[in-house]
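Asker: PDB, C-alpha atoms, saved as entry.pdb, coming up:
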ATOM      1  CA  MET Y 246      -3.386 -29.649  -0.386  1.00  0.00           C
ATOM      2  CA  ALA Y 247      -4.609 -27.644  -3.399  1.00  0.00           C
ATOM      3  CA  VAL Y 248      -8.216 -28.008  -2.220  1.00  0.00           C
ATOM      4  CA  THR Y 249      -7.307 -26.691   1.229  1.00  0.00           C
ATOM      5  CA  GLN Y 250      -5.537 -23.667  -0.283  1.00  0.00           C
ATOM      6  CA  LYS Y 251      -8.515 -22.974  -2.572  1.00  0.00           C
ATOM      7  CA  ASN Y 252     -10.886 -23.334   0.393  1.00  0.00           C
ATOM      8  CA  THR Y 253      -8.745 -20.941   2.455  1.00  0.00           C
ATOM      9  CA  SER Y 254      -8.692 -18.462  -0.408  1.00  0.00           C
ATOM     10  CA  LEU Y 255     -12.480 -18.639  -0.742  1.00  0.00           C
ATOM     11  CA  LEU Y 256     -12.917 -18.181   3.018  1.00  0.00           C
ATOM     12  CA  GLN Y 257     -10.709 -15.093   2.948  1.00  0.00           C
ATOM     13  CA  GLU Y 258     -12.679 -13.697   0.018  1.00  0.00           C
ATOM     14  CA  LEU Y 259     -15.906 -14.434   1.867  1.00  0.00           C
ATOM     15  CA  ALA Y 260     -14.610 -12.609   4.957  1.00  0.00           C
ATOM     16  CA  THR Y 261     -13.652  -9.600   2.829  1.00  0.00           C
ATOM     17  CA  LEU Y 262     -17.080  -9.535   1.198  1.00  0.00           C
ATOM     18  CA  LYS Y 263     -18.764  -9.831   4.596  1.00  0.00           C
ATOM     19  CA  GLN Y 264     -16.778  -6.812   5.866  1.00  0.00           C
ATOM     20  CA  GLN Y 265     -17.795  -4.818   2.783  1.00  0.00           C
ATOM     21  CA  GLU Y 266     -21.422  -5.798   3.335  1.00  0.00           C
ATOM     22  CA  GLN Y 267     -21.298  -4.616   6.970  1.00  0.00           C
ATOM     23  CA  LYS Y 268     -19.670  -1.338   5.910  1.00  0.00           C
ATOM     24  CA  ILE Y 269     -22.365  -0.731   3.280  1.00  0.00           C
ATOM     25  CA  GLU Y 270     -25.147  -1.545   5.749  1.00  0.00           C
ATOM     26  CA  ALA Y 271     -23.649   0.915   8.246  1.00  0.00           C
ATOM     27  CA  GLU Y 272     -23.503   3.626   5.562  1.00  0.00           C
ATOM     28  CA  ILE Y 273     -27.123   2.958   4.597  1.00  0.00           C
ATOM     29  CA  LYS Y 274     -28.145   3.212   8.236  1.00  0.00           C
ATOM     30  CA  ASP Y 275     -26.266   6.512   8.596  1.00  0.00           C
ATOM     31  CA  VAL Y 276     -27.930   7.933   5.493  1.00  0.00           C
ATOM     32  CA  SER Y 277     -31.411   6.872   6.585  1.00  0.00           C
ATOM     33  CA  THR Y 278     -30.835   8.313  10.071  1.00  0.00           C
ATOM     34  CA  TYR Y 279     -29.613  11.571   8.500  1.00  0.00           C
ATOM     35  CA  ASP Y 280     -32.687  11.683   6.233  1.00  0.00           C
ATOM     36  CA  GLN Y 281     -35.024  11.081   9.171  1.00  0.00           C
ATOM     37  CA  LYS Y 282     -33.384  13.905  11.111  1.00  0.00           C
ATOM     38  CA  ASN Y 283     -33.738  16.233   8.121  1.00  0.00           C
ATOM     39  CA  VAL Y 284     -37.388  15.331   7.693  1.00  0.00           C
ATOM     40  CA  ALA Y 285     -38.037  15.972  11.384  1.00  0.00           C
ATOM     41  CA  ALA Y 286     -36.175  19.299  11.262  1.00  0.00           C
ATOM     42  CA  SER Y 287     -38.028  20.291   8.106  1.00  0.00           C
ATOM     43  CA  ALA Y 288     -41.377  19.491   9.698  1.00  0.00           C
ATOM     44  CA  LYS Y 289     -40.427  21.463  12.795  1.00  0.00           C
ATOM     45  CA  ASN Y 290     -39.376  24.468  10.686  1.00  0.00           C
ATOM     46  CA  LYS Y 291     -42.578  24.251   8.673  1.00  0.00           C
ATOM     47  CA  SER Y 292     -44.620  24.143  11.869  1.00  0.00           C
ATOM     48  CA  ALA Y 293     -42.743  27.134  13.280  1.00  0.00           C
ATOM     49  CA  LEU Y 294     -43.268  29.042  10.029  1.00  0.00           C
ATOM     50  CA  GLU Y 295     -47.009  28.336  10.088  1.00  0.00           C
ATOM     51  CA  GLU Y 296     -47.196  29.458  13.714  1.00  0.00           C
ATOM     52  CA  LYS Y 297     -45.321  32.658  12.855  1.00  0.00           C
ATOM     53  CA  LYS Y 298     -47.744  33.368  10.001  1.00  0.00           C
ATOM     54  CA  GLN Y 299     -50.705  32.866  12.322  1.00  0.00           C
ATOM     55  CA  LEU Y 300     -49.212  35.157  14.948  1.00  0.00           C
ATOM     56  CA  LEU Y 301     -48.532  37.842  12.343  1.00  0.00           C
ATOM     57  CA  ALA Y 302     -52.125  37.593  11.128  1.00  0.00           C
ATOM     58  CA  VAL Y 303     -53.391  37.998  14.707  1.00  0.00           C
ATOM     59  CA  ALA Y 304     -51.066  40.962  15.250  1.00  0.00           C
ATOM     60  CA  ARG Y 305     -52.304  42.652  12.055  1.00  0.00           C
ATOM     61  CA  SER Y 306     -55.900  42.067  13.078  1.00  0.00           C
ATOM     62  CA  GLN Y 307     -55.260  43.548  16.524  1.00  0.00           C
ATOM     63  CA  GLU Y 308     -53.447  46.514  14.992  1.00  0.00           C
ATOM     64  CA  GLU Y 309     -56.419  47.189  12.737  1.00  0.00           C
ATOM     65  CA  GLU Y 310     -58.810  46.879  15.673  1.00  0.00           C
ATOM     66  CA  LEU Y 311     -56.712  49.329  17.702  1.00  0.00           C
ATOM     67  CA  HIS Y 312     -56.755  51.789  14.822  1.00  0.00           C
ATOM     68  CA  LEU Y 313     -60.553  51.561  14.585  1.00  0.00           C
ATOM     69  CA  LEU Y 314     -60.891  52.024  18.346  1.00  0.00           C
ATOM     70  CA  ARG Y 315     -58.675  55.124  18.222  1.00  0.00           C
ATOM     71  CA  LEU Y 316     -60.845  56.549  15.444  1.00  0.00           C
ATOM     72  CA  GLU Y 317     -63.947  55.812  17.519  1.00  0.00           C
ATOM     73  CA  ILE Y 318     -62.404  57.500  20.561  1.00  0.00           C
ATOM     74  CA  ASN Y 319     -61.518  60.571  18.498  1.00  0.00           C
ATOM     75  CA  LYS Y 320     -65.077  60.762  17.172  1.00  0.00           C
ATOM     76  CA  LEU Y 321     -66.463  60.511  20.688  1.00  0.00           C
ATOM     77  CA  LYS Y 322     -64.050  63.171  21.944  1.00  0.00           C
ATOM     78  CA  THR Y 323     -65.257  65.644  19.349  1.00  0.00           C
ATOM     79  CA  LYS Y 324     -68.940  64.912  20.028  1.00  0.00           C
ATOM     80  CA  VAL Y 325     -68.979  64.677  23.796  1.00  0.00           C
ATOM     81  CA  GLY Y 326     -65.775  66.311  24.885  1.00  0.00           C
ATOM     82  CA  HIS Y 327     -63.930  64.076  27.341  1.00  0.00           C
ATOM     83  CA  VAL Y 328     -63.963  60.290  27.107  1.00  0.00           C
ATOM     84  CA  SER Y 329     -62.984  58.193  30.080  1.00  0.00           C
ATOM     85  CA  LEU Y 330     -61.520  54.894  28.944  1.00  0.00           C
ATOM     86  CA  GLY Y 331     -61.504  53.371  32.393  1.00  0.00           C
ATOM     87  CA  LEU Y 332     -58.020  51.980  31.943  1.00  0.00           C
TER      88      LEU Y 332
END
What do you get writing this file as structure tokens?
Answerer:
Amino acid sequence: MAVTQKNTSLLQELATLKQQEQKIEAEIKDVSTYDQKNVAASAKNKSALEEKKQLLAVARSQEEELHLLRLEINKLKTKVGHVSLGL
């Protein structure tokens, strides 16, 4: 009888430990999933930031080119008179 009670007690303890193990594994899975989502979001934000920097560089380059073209047009206007841009 004492052996059966001890065995039952050990089985209950084993069941409790098994539940704790499953709970910990679920928490680990949640944390790793959360980390993966953060890494993906971070990579996406970094990519978007790089794209924005590239677009700003292109815009600055085009702005500078427009400025130079306006200066060229003004020079031509003073030399020749009227400049037709054909736009």
Asker: I'd like the interatomic distance between CA of Ala271 in chain Y and CA of Asn252 in chain Y, to a tenth of an Å.
Answerer: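 That distance, rounded to one decimal, is 28.5 Å.
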Asker: For CA of Arg315 in chain Y and CA of Leu300 in chain Y, determine how far apart the two atoms are, in Å to one decimal place.
Answerer: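 So the answer is 22.3 Å.
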Asker: With 6 Å of padding per side, what axis-aligned box (centre and edge lengths, Å, one decimal) covers all the listed atoms of range 303-317 of chain Y? Give it as JSON.
Answerer:
{"center_x": -57.5, "center_y": 47.3, "center_z": 15.2, "size_x": 24.9, "size_y": 30.6, "size_z": 18.3}
Asker: In Å, rounded to a single decimal, give me how far CA of Gln307 in chain Y is from CA of Lys289 in chain Y.
Answerer: 26.9 Å
